[in-house]
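Chemist: Input structure: run_24.cif, which contains mmCIF, N, CA and C atoms and all ligand atoms.
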```cif
data_coords
#
loop_
_atom_site.label_atom_id
_atom_site.label_comp_id
_atom_site.auth_asym_id
_atom_site.auth_seq_id
_atom_site.Cartn_x
_atom_site.Cartn_y
_atom_site.Cartn_z
N MET A 1 4.21 9.72 55.40
CA MET A 1 5.37 9.47 54.55
C MET A 1 4.94 9.53 53.09
N PRO A 2 5.71 10.19 52.24
CA PRO A 2 5.28 10.31 50.83
C PRO A 2 5.25 8.97 50.10
N LEU A 3 4.35 8.91 49.14
CA LEU A 3 4.18 7.71 48.33
C LEU A 3 4.80 8.00 46.96
N TYR A 4 5.72 7.14 46.53
CA TYR A 4 6.39 7.35 45.24
C TYR A 4 6.09 6.22 44.27
N ARG A 5 5.92 6.59 43.00
CA ARG A 5 5.82 5.59 41.94
C ARG A 5 7.12 5.61 41.16
N CYS A 6 7.66 4.41 40.92
CA CYS A 6 8.88 4.26 40.14
C CYS A 6 8.49 4.05 38.67
N ALA A 7 8.98 4.93 37.78
CA ALA A 7 8.64 4.82 36.36
C ALA A 7 9.37 3.67 35.69
N ASN A 8 10.40 3.15 36.34
CA ASN A 8 11.15 2.04 35.75
C ASN A 8 10.40 0.73 35.87
N CYS A 9 9.82 0.46 37.05
CA CYS A 9 9.15 -0.84 37.24
C CYS A 9 7.68 -0.70 37.63
N GLY A 10 7.22 0.52 37.91
CA GLY A 10 5.81 0.71 38.23
C GLY A 10 5.46 0.51 39.69
N ASN A 11 6.45 0.13 40.51
CA ASN A 11 6.17 -0.09 41.92
C ASN A 11 5.79 1.22 42.61
N GLU A 12 4.82 1.13 43.54
CA GLU A 12 4.44 2.29 44.35
C GLU A 12 4.69 1.93 45.80
N ALA A 13 5.44 2.78 46.51
CA ALA A 13 5.72 2.50 47.92
C ALA A 13 6.04 3.78 48.66
N GLU A 14 5.81 3.74 49.96
CA GLU A 14 6.10 4.89 50.81
C GLU A 14 7.56 4.82 51.28
N HIS A 15 8.25 5.94 51.11
CA HIS A 15 9.62 6.08 51.60
C HIS A 15 9.81 7.53 52.00
N PRO A 16 10.72 7.81 52.92
CA PRO A 16 10.98 9.21 53.27
C PRO A 16 11.53 10.00 52.08
N THR A 17 12.33 9.36 51.24
CA THR A 17 12.87 9.99 50.03
C THR A 17 12.64 9.03 48.86
N PRO A 18 12.66 9.54 47.59
CA PRO A 18 12.41 8.64 46.47
C PRO A 18 13.43 7.50 46.40
N LYS A 19 12.93 6.29 46.32
CA LYS A 19 13.76 5.12 46.03
C LYS A 19 12.85 3.95 45.74
N CYS A 20 13.38 2.91 45.10
CA CYS A 20 12.58 1.75 44.75
C CYS A 20 13.32 0.49 45.17
N VAL A 21 12.70 -0.25 46.09
CA VAL A 21 13.34 -1.48 46.58
C VAL A 21 13.30 -2.60 45.53
N PRO A 22 12.13 -2.85 44.87
CA PRO A 22 12.10 -3.97 43.92
C PRO A 22 13.14 -3.89 42.79
N CYS A 23 13.33 -2.70 42.18
CA CYS A 23 14.29 -2.64 41.07
C CYS A 23 15.63 -2.04 41.48
N GLY A 24 15.70 -1.48 42.67
CA GLY A 24 16.98 -1.03 43.19
C GLY A 24 17.37 0.40 42.84
N LEU A 25 16.50 1.14 42.11
CA LEU A 25 16.83 2.52 41.78
C LEU A 25 16.85 3.36 43.06
N ASP A 26 17.92 4.13 43.24
CA ASP A 26 18.03 4.98 44.43
C ASP A 26 18.83 6.22 44.07
N PRO A 27 18.16 7.39 44.03
CA PRO A 27 18.86 8.63 43.67
C PRO A 27 20.03 8.96 44.60
N LYS A 28 20.10 8.36 45.77
CA LYS A 28 21.25 8.60 46.64
C LYS A 28 22.53 8.03 46.01
N ASN A 29 22.37 6.94 45.26
CA ASN A 29 23.52 6.32 44.60
C ASN A 29 23.73 6.86 43.19
N GLU A 30 22.62 7.31 42.58
CA GLU A 30 22.64 7.74 41.18
C GLU A 30 21.68 8.93 41.04
N PRO A 31 22.18 10.15 41.25
CA PRO A 31 21.30 11.33 41.35
C PRO A 31 20.32 11.50 40.19
N ARG A 32 20.69 11.16 38.96
CA ARG A 32 19.75 11.38 37.85
C ARG A 32 18.53 10.47 37.94
N ALA A 33 18.58 9.43 38.76
CA ALA A 33 17.44 8.51 38.92
C ALA A 33 16.24 9.20 39.57
N VAL A 34 16.46 10.39 40.13
CA VAL A 34 15.35 11.10 40.78
C VAL A 34 14.22 11.39 39.79
N GLN A 35 14.57 11.55 38.50
CA GLN A 35 13.55 11.83 37.49
C GLN A 35 12.64 10.64 37.22
N MET A 36 12.99 9.47 37.73
CA MET A 36 12.17 8.28 37.53
C MET A 36 11.05 8.15 38.57
N PHE A 37 11.02 9.09 39.52
CA PHE A 37 10.04 8.97 40.60
C PHE A 37 9.00 10.09 40.56
N THR A 38 7.76 9.70 40.78
CA THR A 38 6.66 10.65 40.88
C THR A 38 6.07 10.53 42.27
N GLU A 39 5.95 11.67 42.96
CA GLU A 39 5.30 11.63 44.27
C GLU A 39 3.79 11.64 44.06
N LEU A 40 3.11 10.69 44.64
CA LEU A 40 1.66 10.55 44.46
C LEU A 40 0.91 11.10 45.67
N VAL A 41 -0.30 11.57 45.43
CA VAL A 41 -1.20 11.92 46.53
C VAL A 41 -1.77 10.61 47.07
N THR A 42 -1.79 10.46 48.38
CA THR A 42 -2.34 9.24 48.98
C THR A 42 -3.86 9.28 48.91
N ILE A 43 -4.43 8.21 48.35
CA ILE A 43 -5.88 8.09 48.25
C ILE A 43 -6.35 6.99 49.20
N HIS A 44 -7.05 7.42 50.26
CA HIS A 44 -7.53 6.48 51.27
C HIS A 44 -8.90 5.93 50.89
N PHE A 45 -9.23 4.81 51.53
CA PHE A 45 -10.55 4.22 51.34
C PHE A 45 -11.50 4.75 52.40
N ASP A 46 -12.62 5.32 51.96
CA ASP A 46 -13.69 5.78 52.85
C ASP A 46 -14.77 4.69 52.80
N PRO A 47 -14.86 3.85 53.83
CA PRO A 47 -15.77 2.69 53.77
C PRO A 47 -17.23 3.12 53.58
N PRO A 48 -18.02 2.27 52.95
CA PRO A 48 -19.42 2.63 52.70
C PRO A 48 -20.23 2.82 53.98
N HIS A 49 -21.11 3.81 53.95
CA HIS A 49 -22.02 4.11 55.05
C HIS A 49 -22.98 2.93 55.24
N ALA A 50 -23.36 2.67 56.49
CA ALA A 50 -24.20 1.51 56.78
C ALA A 50 -25.62 1.67 56.26
N VAL A 51 -26.10 2.91 56.13
CA VAL A 51 -27.50 3.15 55.78
C VAL A 51 -27.65 3.80 54.40
N VAL A 52 -26.87 4.86 54.15
CA VAL A 52 -27.09 5.66 52.94
C VAL A 52 -26.21 5.18 51.79
N THR A 53 -26.83 4.71 50.73
CA THR A 53 -26.10 4.27 49.55
C THR A 53 -25.37 5.45 48.93
N GLY A 54 -24.11 5.29 48.60
CA GLY A 54 -23.35 6.35 47.96
C GLY A 54 -22.58 7.22 48.94
N TRP A 55 -22.84 7.07 50.22
CA TRP A 55 -22.09 7.81 51.24
C TRP A 55 -20.98 6.94 51.78
N GLY A 56 -19.93 7.60 52.27
CA GLY A 56 -18.91 6.91 53.04
C GLY A 56 -19.10 7.22 54.51
N VAL A 57 -18.29 6.62 55.35
CA VAL A 57 -18.39 6.89 56.79
C VAL A 57 -17.71 8.22 57.16
N GLY A 58 -16.90 8.76 56.25
CA GLY A 58 -16.32 10.08 56.50
C GLY A 58 -14.91 10.08 57.05
N HIS A 59 -14.29 8.91 57.09
CA HIS A 59 -12.89 8.86 57.52
C HIS A 59 -12.17 7.70 56.83
N ALA A 60 -10.85 7.75 56.88
CA ALA A 60 -10.06 6.71 56.21
C ALA A 60 -10.21 5.37 56.91
N ALA A 61 -10.21 4.29 56.13
CA ALA A 61 -10.29 2.95 56.71
C ALA A 61 -9.06 2.64 57.56
N CYS A 62 -7.94 3.27 57.24
CA CYS A 62 -6.69 2.98 57.95
C CYS A 62 -6.55 3.77 59.25
N ASP A 63 -7.31 4.86 59.39
CA ASP A 63 -7.14 5.72 60.56
C ASP A 63 -8.36 6.62 60.70
N THR A 64 -9.16 6.38 61.73
CA THR A 64 -10.41 7.13 61.91
C THR A 64 -10.14 8.62 62.16
N ALA A 65 -8.91 8.97 62.53
CA ALA A 65 -8.57 10.38 62.75
C ALA A 65 -8.38 11.13 61.43
N LYS A 66 -8.20 10.39 60.35
CA LYS A 66 -8.06 11.03 59.04
C LYS A 66 -9.44 11.21 58.44
N LYS A 67 -10.01 12.39 58.71
CA LYS A 67 -11.38 12.69 58.27
C LYS A 67 -11.39 13.19 56.83
N VAL A 68 -12.48 12.88 56.14
CA VAL A 68 -12.67 13.40 54.79
C VAL A 68 -12.61 14.92 54.84
N GLY A 69 -11.85 15.52 53.92
CA GLY A 69 -11.72 16.97 53.89
C GLY A 69 -10.33 17.44 54.27
N ARG A 70 -9.53 16.54 54.88
CA ARG A 70 -8.14 16.92 55.17
C ARG A 70 -7.44 17.26 53.85
N VAL A 71 -6.74 18.37 53.83
CA VAL A 71 -6.14 18.80 52.57
C VAL A 71 -5.01 17.90 52.10
N GLN A 72 -4.32 17.25 53.01
CA GLN A 72 -3.15 16.46 52.61
C GLN A 72 -3.51 15.05 52.14
N ASP A 73 -4.79 14.67 52.21
CA ASP A 73 -5.20 13.34 51.80
C ASP A 73 -6.41 13.41 50.88
N ARG A 74 -6.61 12.34 50.13
CA ARG A 74 -7.80 12.21 49.29
C ARG A 74 -8.51 10.93 49.72
N PHE A 75 -9.82 10.90 49.47
CA PHE A 75 -10.64 9.78 49.92
C PHE A 75 -11.56 9.34 48.80
N THR A 76 -11.84 8.04 48.77
CA THR A 76 -12.76 7.51 47.77
C THR A 76 -13.43 6.25 48.29
N GLY A 77 -14.60 5.97 47.75
CA GLY A 77 -15.27 4.71 48.05
C GLY A 77 -15.02 3.69 46.95
N GLU A 78 -14.29 4.12 45.92
CA GLU A 78 -14.02 3.24 44.77
C GLU A 78 -12.71 2.49 45.04
N ARG A 79 -12.83 1.20 45.29
CA ARG A 79 -11.69 0.42 45.76
C ARG A 79 -10.52 0.40 44.77
N GLU A 80 -10.86 0.41 43.47
CA GLU A 80 -9.82 0.28 42.45
C GLU A 80 -8.77 1.40 42.47
N VAL A 81 -9.15 2.57 42.96
CA VAL A 81 -8.21 3.70 42.89
C VAL A 81 -7.51 3.99 44.22
N VAL A 82 -7.83 3.22 45.26
CA VAL A 82 -7.17 3.41 46.55
C VAL A 82 -5.69 3.03 46.40
N ASN A 83 -4.79 3.90 46.88
CA ASN A 83 -3.37 3.55 46.82
C ASN A 83 -2.71 3.56 48.20
N CYS A 84 -3.50 3.70 49.26
CA CYS A 84 -2.97 3.65 50.62
C CYS A 84 -2.84 2.18 51.03
N ALA A 85 -1.62 1.73 51.29
CA ALA A 85 -1.38 0.32 51.61
C ALA A 85 -2.11 -0.08 52.89
N ALA A 86 -2.16 0.83 53.87
CA ALA A 86 -2.82 0.52 55.15
C ALA A 86 -4.33 0.36 54.95
N CYS A 87 -4.91 1.22 54.11
CA CYS A 87 -6.35 1.08 53.81
C CYS A 87 -6.62 -0.24 53.10
N LYS A 88 -5.75 -0.59 52.14
CA LYS A 88 -5.94 -1.83 51.39
C LYS A 88 -5.85 -3.06 52.29
N ALA A 89 -5.10 -2.94 53.39
CA ALA A 89 -4.94 -4.06 54.30
C ALA A 89 -6.04 -4.10 55.36
N SER A 90 -6.93 -3.10 55.36
CA SER A 90 -7.94 -3.01 56.42
C SER A 90 -9.09 -3.99 56.19
N GLU A 91 -9.78 -4.31 57.29
CA GLU A 91 -10.95 -5.20 57.21
C GLU A 91 -12.06 -4.55 56.39
N ALA A 92 -12.22 -3.24 56.56
CA ALA A 92 -13.30 -2.52 55.84
C ALA A 92 -13.10 -2.62 54.34
N PHE A 93 -11.85 -2.56 53.90
CA PHE A 93 -11.55 -2.64 52.46
C PHE A 93 -11.91 -4.03 51.94
N ALA A 94 -11.53 -5.05 52.67
CA ALA A 94 -11.83 -6.42 52.26
C ALA A 94 -13.34 -6.68 52.31
N GLY A 95 -14.00 -6.17 53.34
CA GLY A 95 -15.44 -6.38 53.51
C GLY A 95 -16.24 -5.71 52.41
N ALA A 96 -15.79 -4.55 51.97
CA ALA A 96 -16.52 -3.79 50.95
C ALA A 96 -16.49 -4.48 49.60
N ALA A 97 -15.50 -5.33 49.37
CA ALA A 97 -15.39 -6.02 48.09
C ALA A 97 -16.60 -6.90 47.85
N ALA A 98 -17.04 -7.58 48.90
CA ALA A 98 -18.16 -8.49 48.78
C ALA A 98 -19.48 -7.75 48.64
N LYS A 99 -19.62 -6.65 49.37
CA LYS A 99 -20.90 -5.93 49.43
C LYS A 99 -21.16 -5.00 48.26
N ALA A 100 -20.21 -4.09 48.02
CA ALA A 100 -20.50 -2.97 47.12
C ALA A 100 -20.45 -3.38 45.65
N PRO A 101 -21.46 -3.01 44.87
CA PRO A 101 -21.35 -3.19 43.43
C PRO A 101 -20.33 -2.20 42.90
N ARG A 102 -19.72 -2.51 41.79
CA ARG A 102 -18.80 -1.54 41.22
C ARG A 102 -19.58 -0.30 40.82
N PRO A 103 -19.03 0.89 41.07
CA PRO A 103 -19.79 2.11 40.83
C PRO A 103 -20.26 2.27 39.39
N HIS A 104 -19.53 1.70 38.45
CA HIS A 104 -19.89 1.91 37.05
C HIS A 104 -20.57 0.68 36.44
N GLU A 105 -21.09 -0.17 37.31
CA GLU A 105 -21.72 -1.39 36.85
C GLU A 105 -22.86 -1.12 35.87
N SER A 106 -23.64 -0.07 36.12
CA SER A 106 -24.78 0.22 35.26
C SER A 106 -24.30 0.59 33.85
N ILE A 107 -23.15 1.24 33.76
CA ILE A 107 -22.61 1.62 32.46
C ILE A 107 -22.18 0.37 31.69
N ASP A 108 -21.62 -0.62 32.41
CA ASP A 108 -21.17 -1.84 31.77
C ASP A 108 -22.30 -2.58 31.07
N LYS A 109 -23.52 -2.37 31.53
CA LYS A 109 -24.66 -3.11 30.98
C LYS A 109 -25.15 -2.52 29.66
N VAL A 110 -24.71 -1.32 29.34
CA VAL A 110 -25.12 -0.68 28.09
C VAL A 110 -24.48 -1.46 26.94
N GLY A 111 -25.28 -1.70 25.90
CA GLY A 111 -24.80 -2.46 24.76
C GLY A 111 -23.62 -1.78 24.08
N LYS A 112 -22.83 -2.57 23.40
CA LYS A 112 -21.67 -2.02 22.71
C LYS A 112 -21.98 -1.89 21.22
N ALA A 113 -21.61 -0.75 20.63
CA ALA A 113 -21.88 -0.50 19.22
C ALA A 113 -20.67 -0.91 18.39
N GLU A 114 -20.94 -1.55 17.27
CA GLU A 114 -19.88 -1.82 16.29
C GLU A 114 -19.76 -0.58 15.42
N PRO A 115 -18.59 -0.32 14.85
CA PRO A 115 -18.46 0.86 13.98
C PRO A 115 -19.51 0.82 12.87
N GLY A 116 -20.20 1.93 12.65
CA GLY A 116 -21.19 2.02 11.59
C GLY A 116 -22.56 1.48 11.96
N GLN A 117 -22.71 0.97 13.18
CA GLN A 117 -24.00 0.43 13.60
C GLN A 117 -24.55 1.25 14.77
N ALA A 118 -25.88 1.19 14.90
CA ALA A 118 -26.51 1.87 16.04
C ALA A 118 -26.19 1.12 17.33
N LEU A 119 -26.17 1.86 18.42
CA LEU A 119 -25.95 1.25 19.74
C LEU A 119 -27.07 0.27 20.05
N LYS A 120 -26.68 -0.93 20.45
CA LYS A 120 -27.69 -1.93 20.79
C LYS A 120 -28.31 -1.58 22.15
N LYS A 121 -29.59 -1.82 22.26
CA LYS A 121 -30.29 -1.59 23.52
C LYS A 121 -29.82 -2.62 24.55
N PRO A 122 -29.65 -2.17 25.81
CA PRO A 122 -29.31 -3.15 26.84
C PRO A 122 -30.42 -4.17 27.00
N THR A 123 -30.04 -5.39 27.31
CA THR A 123 -31.06 -6.44 27.45
C THR A 123 -31.32 -6.72 28.93
ZN ZN B 201 11.43 0.42 40.46
ZN ZN B 202 -5.38 4.97 54.37
#
```
What does the file become when written as structure tokens?
Modeler:
Amino acid sequence: MPLYRCANCGNEAEHPTPKCVPCGLDPKNEPRAVQMFTELVTIHFDPPHAVVTGWGVGHAACDTAKKVGRVQDRFTGEREVVNCAACKASEAFAGAAAKAPRPHESIDKVGKAEPGQALKKPT
């Protein structure tokens, strides 16, 4: 089922046709409201591999039949960008929060430069 984002309230939800339950926008009642919806590509969670750092297991957390490489889906190990509600509700998604460091953690440790000053060395 397609995933739609409502530009009026920001809600993202799966519906057969564009509509938004939280704010009530529905192009069936008001045809011009269709411009308020963007169909999103579903991004599934590929849980981390048990042995190899940086690898996923190769399938969606919500459905093992959805293998990485399917053209109609996208996959990531980065939890922040997952937009599949079923993946977000999975045990693997919750479990990965505790284990995996954020992918850009090393970048966060780099010192921050003030305008006109040299970049401070990380400590
Ligand atoms: Zn809305
Ligand atoms: Zn999923």
Chemist: Under the rule that only N, CA and C atoms and all ligand atoms are counted, which of A:Glu30, A:Glu39, A:Asp63, A:Glu14 is the nearest residue to ligand ZN 202 (chain B)?
Modeler: A:Asp63
Chemist: Need to verify the contact set: Gly56 in chain A, 6 Å, only C-alpha atoms, exclusion of same-chain residues closer than 3 positions in sequence. Can you return it as a list in words?
Modeler: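 Surrounding residues, per the criterion: Asp46, Pro47, Pro48 and His49 of chain A.
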Chemist: Just list as a list of chain:residue names whatever in range 10-114 of chain A DSSP marks as strand (DSSP E or B).
Modeler: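 So the strand (DSSP E or B) residues in range 10-114 of chain A would be A:Glu12, A:Ala13, A:Glu14, A:Phe37, A:Thr38, A:Glu39, A:Leu40, A:Ile43, A:His44, A:Phe45, A:Pro48, A:Gly56, A:His59, A:Ala60, A:Asp63, A:Thr64, A:Ala65, A:Lys66, A:Lys67, A:Arg74, A:Phe75, A:Thr76.
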Chemist: For ligand ZN 201 (chain B), which residue among A:Gly54, A:Gly24, A:Pro2, A:Gly77 is the nearest when counting only C-alpha atoms and all ligand atoms?
Modeler: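 Closest to ligand ZN 201 (chain B) of all the choices is A:Gly24.
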Chemist: Figure out the distance between atom ZN of ligand ZN 202 (chain B) and CA of Lys88 in chain A, please, to one decimal in Å.
Modeler: 7.4 Å
Chemist: Within 8 Å of ligand ZN 201 (chain B), which residues show up when you count only N, CA and C atoms and all ligand atoms? List them as a list in words, please.
Modeler: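 Within the 8 Å cut-off, the matching residues are Arg5, Cys6, Ala7, Asn8, Cys9, Gly10, Asn11, Glu12, Lys19, Cys20, Val21, Pro22, Cys23, Gly24, Leu25, Asp26 and Met36 of chain A.
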Chemist: Just list as a list of chain:residue names whatever in range 57-102 of chain A DSSP marks as alpha helix (DSSP H).
Modeler: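 Selection result, alpha helix (DSSP H) within range 57-102 of chain A: A:Ala85, A:Ala86, A:Cys87, A:Lys88, A:Glu91, A:Ala92, A:Phe93, A:Ala94, A:Gly95, A:Ala96, A:Ala97, A:Ala98, A:Lys99.
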Chemist: Just to be explicit: take each residue in the selection above, keep N, CA and C atoms, and write the result as a CSV table (one decimal), keeping the file's coordinate frame.
Modeler:
```csv
chain,number,residue,atom,x,y,z
A,85,ALA,N,-1.6,1.7,51.3
A,85,ALA,CA,-1.4,0.3,51.6
A,85,ALA,C,-2.1,-0.1,52.9
A,86,ALA,N,-2.2,0.8,53.9
A,86,ALA,CA,-2.8,0.5,55.2
A,86,ALA,C,-4.3,0.4,55.0
A,87,CYS,N,-4.9,1.2,54.1
A,87,CYS,CA,-6.4,1.1,53.8
A,87,CYS,C,-6.6,-0.2,53.1
A,88,LYS,N,-5.8,-0.6,52.1
A,88,LYS,CA,-5.9,-1.8,51.4
A,88,LYS,C,-5.8,-3.1,52.3
A,91,GLU,N,-9.8,-4.3,57.3
A,91,GLU,CA,-11.0,-5.2,57.2
A,91,GLU,C,-12.1,-4.6,56.4
A,92,ALA,N,-12.2,-3.2,56.6
A,92,ALA,CA,-13.3,-2.5,55.8
A,92,ALA,C,-13.1,-2.6,54.3
A,93,PHE,N,-11.8,-2.6,53.9
A,93,PHE,CA,-11.6,-2.6,52.5
A,93,PHE,C,-11.9,-4.0,51.9
A,94,ALA,N,-11.5,-5.0,52.7
A,94,ALA,CA,-11.8,-6.4,52.3
A,94,ALA,C,-13.3,-6.7,52.3
A,95,GLY,N,-14.0,-6.2,53.3
A,95,GLY,CA,-15.4,-6.4,53.5
A,95,GLY,C,-16.2,-5.7,52.4
A,96,ALA,N,-15.8,-4.6,52.0
A,96,ALA,CA,-16.5,-3.8,51.0
A,96,ALA,C,-16.5,-4.5,49.6
A,97,ALA,N,-15.5,-5.3,49.4
A,97,ALA,CA,-15.4,-6.0,48.1
A,97,ALA,C,-16.6,-6.9,47.8
A,98,ALA,N,-17.0,-7.6,48.9
A,98,ALA,CA,-18.2,-8.5,48.8
A,98,ALA,C,-19.5,-7.8,48.6
A,99,LYS,N,-19.6,-6.6,49.4
A,99,LYS,CA,-20.9,-5.9,49.4
A,99,LYS,C,-21.2,-5.0,48.3
```
Chemist: Return the single residue from A:His15, A:His59, A:Arg32, A:Arg79 that is closest to ligand ZN 202 (chain B), with distances computed using only N, CA and C atoms and all ligand atoms.
Modeler: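 Between A:His15, A:His59, A:Arg32, A:Arg79, the residue approaching ligand ZN 202 (chain B) most closely is A:His59.
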Chemist: Could I get the residue neighbourhood of ligand ZN 202 (chain B) at 6 Å, counting only C-alpha atoms and all ligand atoms, as a ChimeraX atom specification?
Modeler: /A:44,60-62,84,86-87
Chemist: Could you please take those selected residues and save N, CA and C atoms as a PDB file, in the frame of the given file?
Modeler:
```
ATOM      1  N   HIS A  44      -7.050   7.420  50.260  1.00  0.00           N
ATOM      2  CA  HIS A  44      -7.530   6.480  51.270  1.00  0.00           C
ATOM      3  C   HIS A  44      -8.900   5.930  50.890  1.00  0.00           C
ATOM      4  N   ALA A  60     -10.850   7.750  56.880  1.00  0.00           N
ATOM      5  CA  ALA A  60     -10.060   6.710  56.210  1.00  0.00           C
ATOM      6  C   ALA A  60     -10.210   5.370  56.910  1.00  0.00           C
ATOM      7  N   ALA A  61     -10.210   4.290  56.130  1.00  0.00           N
ATOM      8  CA  ALA A  61     -10.290   2.950  56.710  1.00  0.00           C
ATOM      9  C   ALA A  61      -9.060   2.640  57.560  1.00  0.00           C
ATOM     10  N   CYS A  62      -7.940   3.270  57.240  1.00  0.00           N
ATOM     11  CA  CYS A  62      -6.690   2.980  57.950  1.00  0.00           C
ATOM     12  C   CYS A  62      -6.550   3.770  59.250  1.00  0.00           C
ATOM     13  N   CYS A  84      -3.500   3.700  49.260  1.00  0.00           N
ATOM     14  CA  CYS A  84      -2.970   3.650  50.620  1.00  0.00           C
ATOM     15  C   CYS A  84      -2.840   2.180  51.030  1.00  0.00           C
ATOM     16  N   ALA A  86      -2.160   0.830  53.870  1.00  0.00           N
ATOM     17  CA  ALA A  86      -2.820   0.520  55.150  1.00  0.00           C
ATOM     18  C   ALA A  86      -4.330   0.360  54.950  1.00  0.00           C
ATOM     19  N   CYS A  87      -4.910   1.220  54.110  1.00  0.00           N
ATOM     20  CA  CYS A  87      -6.350   1.080  53.810  1.00  0.00           C
ATOM     21  C   CYS A  87      -6.620  -0.240  53.100  1.00  0.00           C
TER      22      CYS A  87
END
```
Chemist: For CA of Ala96 in chain A and CA of Ala50 in chain A, quote the distance in Å rounded to one decimal.
Modeler: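 Rounded to one decimal, the two atoms are 11.0 Å apart.
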Chemist: Enclose range 10-24 of chain A, meaning all of its atoms listed in the file, in a box aligned along x, y and z, pad it by 3 Å on each side, and list the centre and edge lengths in Å to one decimal, as JSON.
Modeler:
```
{"center_x": 10.9, "center_y": 3.0, "center_z": 45.6, "size_x": 18.9, "size_y": 20.0, "size_z": 21.4}
```
Chemist: So which one's closest to Val82 in chain A, A:Ala33, A:Met1, A:Pro18, A:Val41? Using only C-alpha atoms, please.
Modeler: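 Closest residue, counting only C-alpha atoms: A:Val41.
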Chemist: Near Thr42 in chain A, within 7 Å and counting only C-alpha atoms, which residues show up once chain neighbours fewer than 4 positions away are dropped, as a list in words?
Modeler: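 The neighbour list is Leu3, Asp73, Arg74, Asn83 and Cys84 of chain A.
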Chemist: Quick one: distance from atom N of Ala89 in chain A to CA of Pro27 in chain A in Å, one decimal?
Modeler: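 Taking atom N of Ala89 in chain A and CA of Pro27 in chain A, their separation equals 28.3 Å.
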Chemist: Name the closest residue to Leu40 in chain A among the candidates A:Ala13, A:Val68, A:Val52, A:Ala92; distances are taken between atoms, counting only C-alpha atoms.
Modeler: A:Ala13
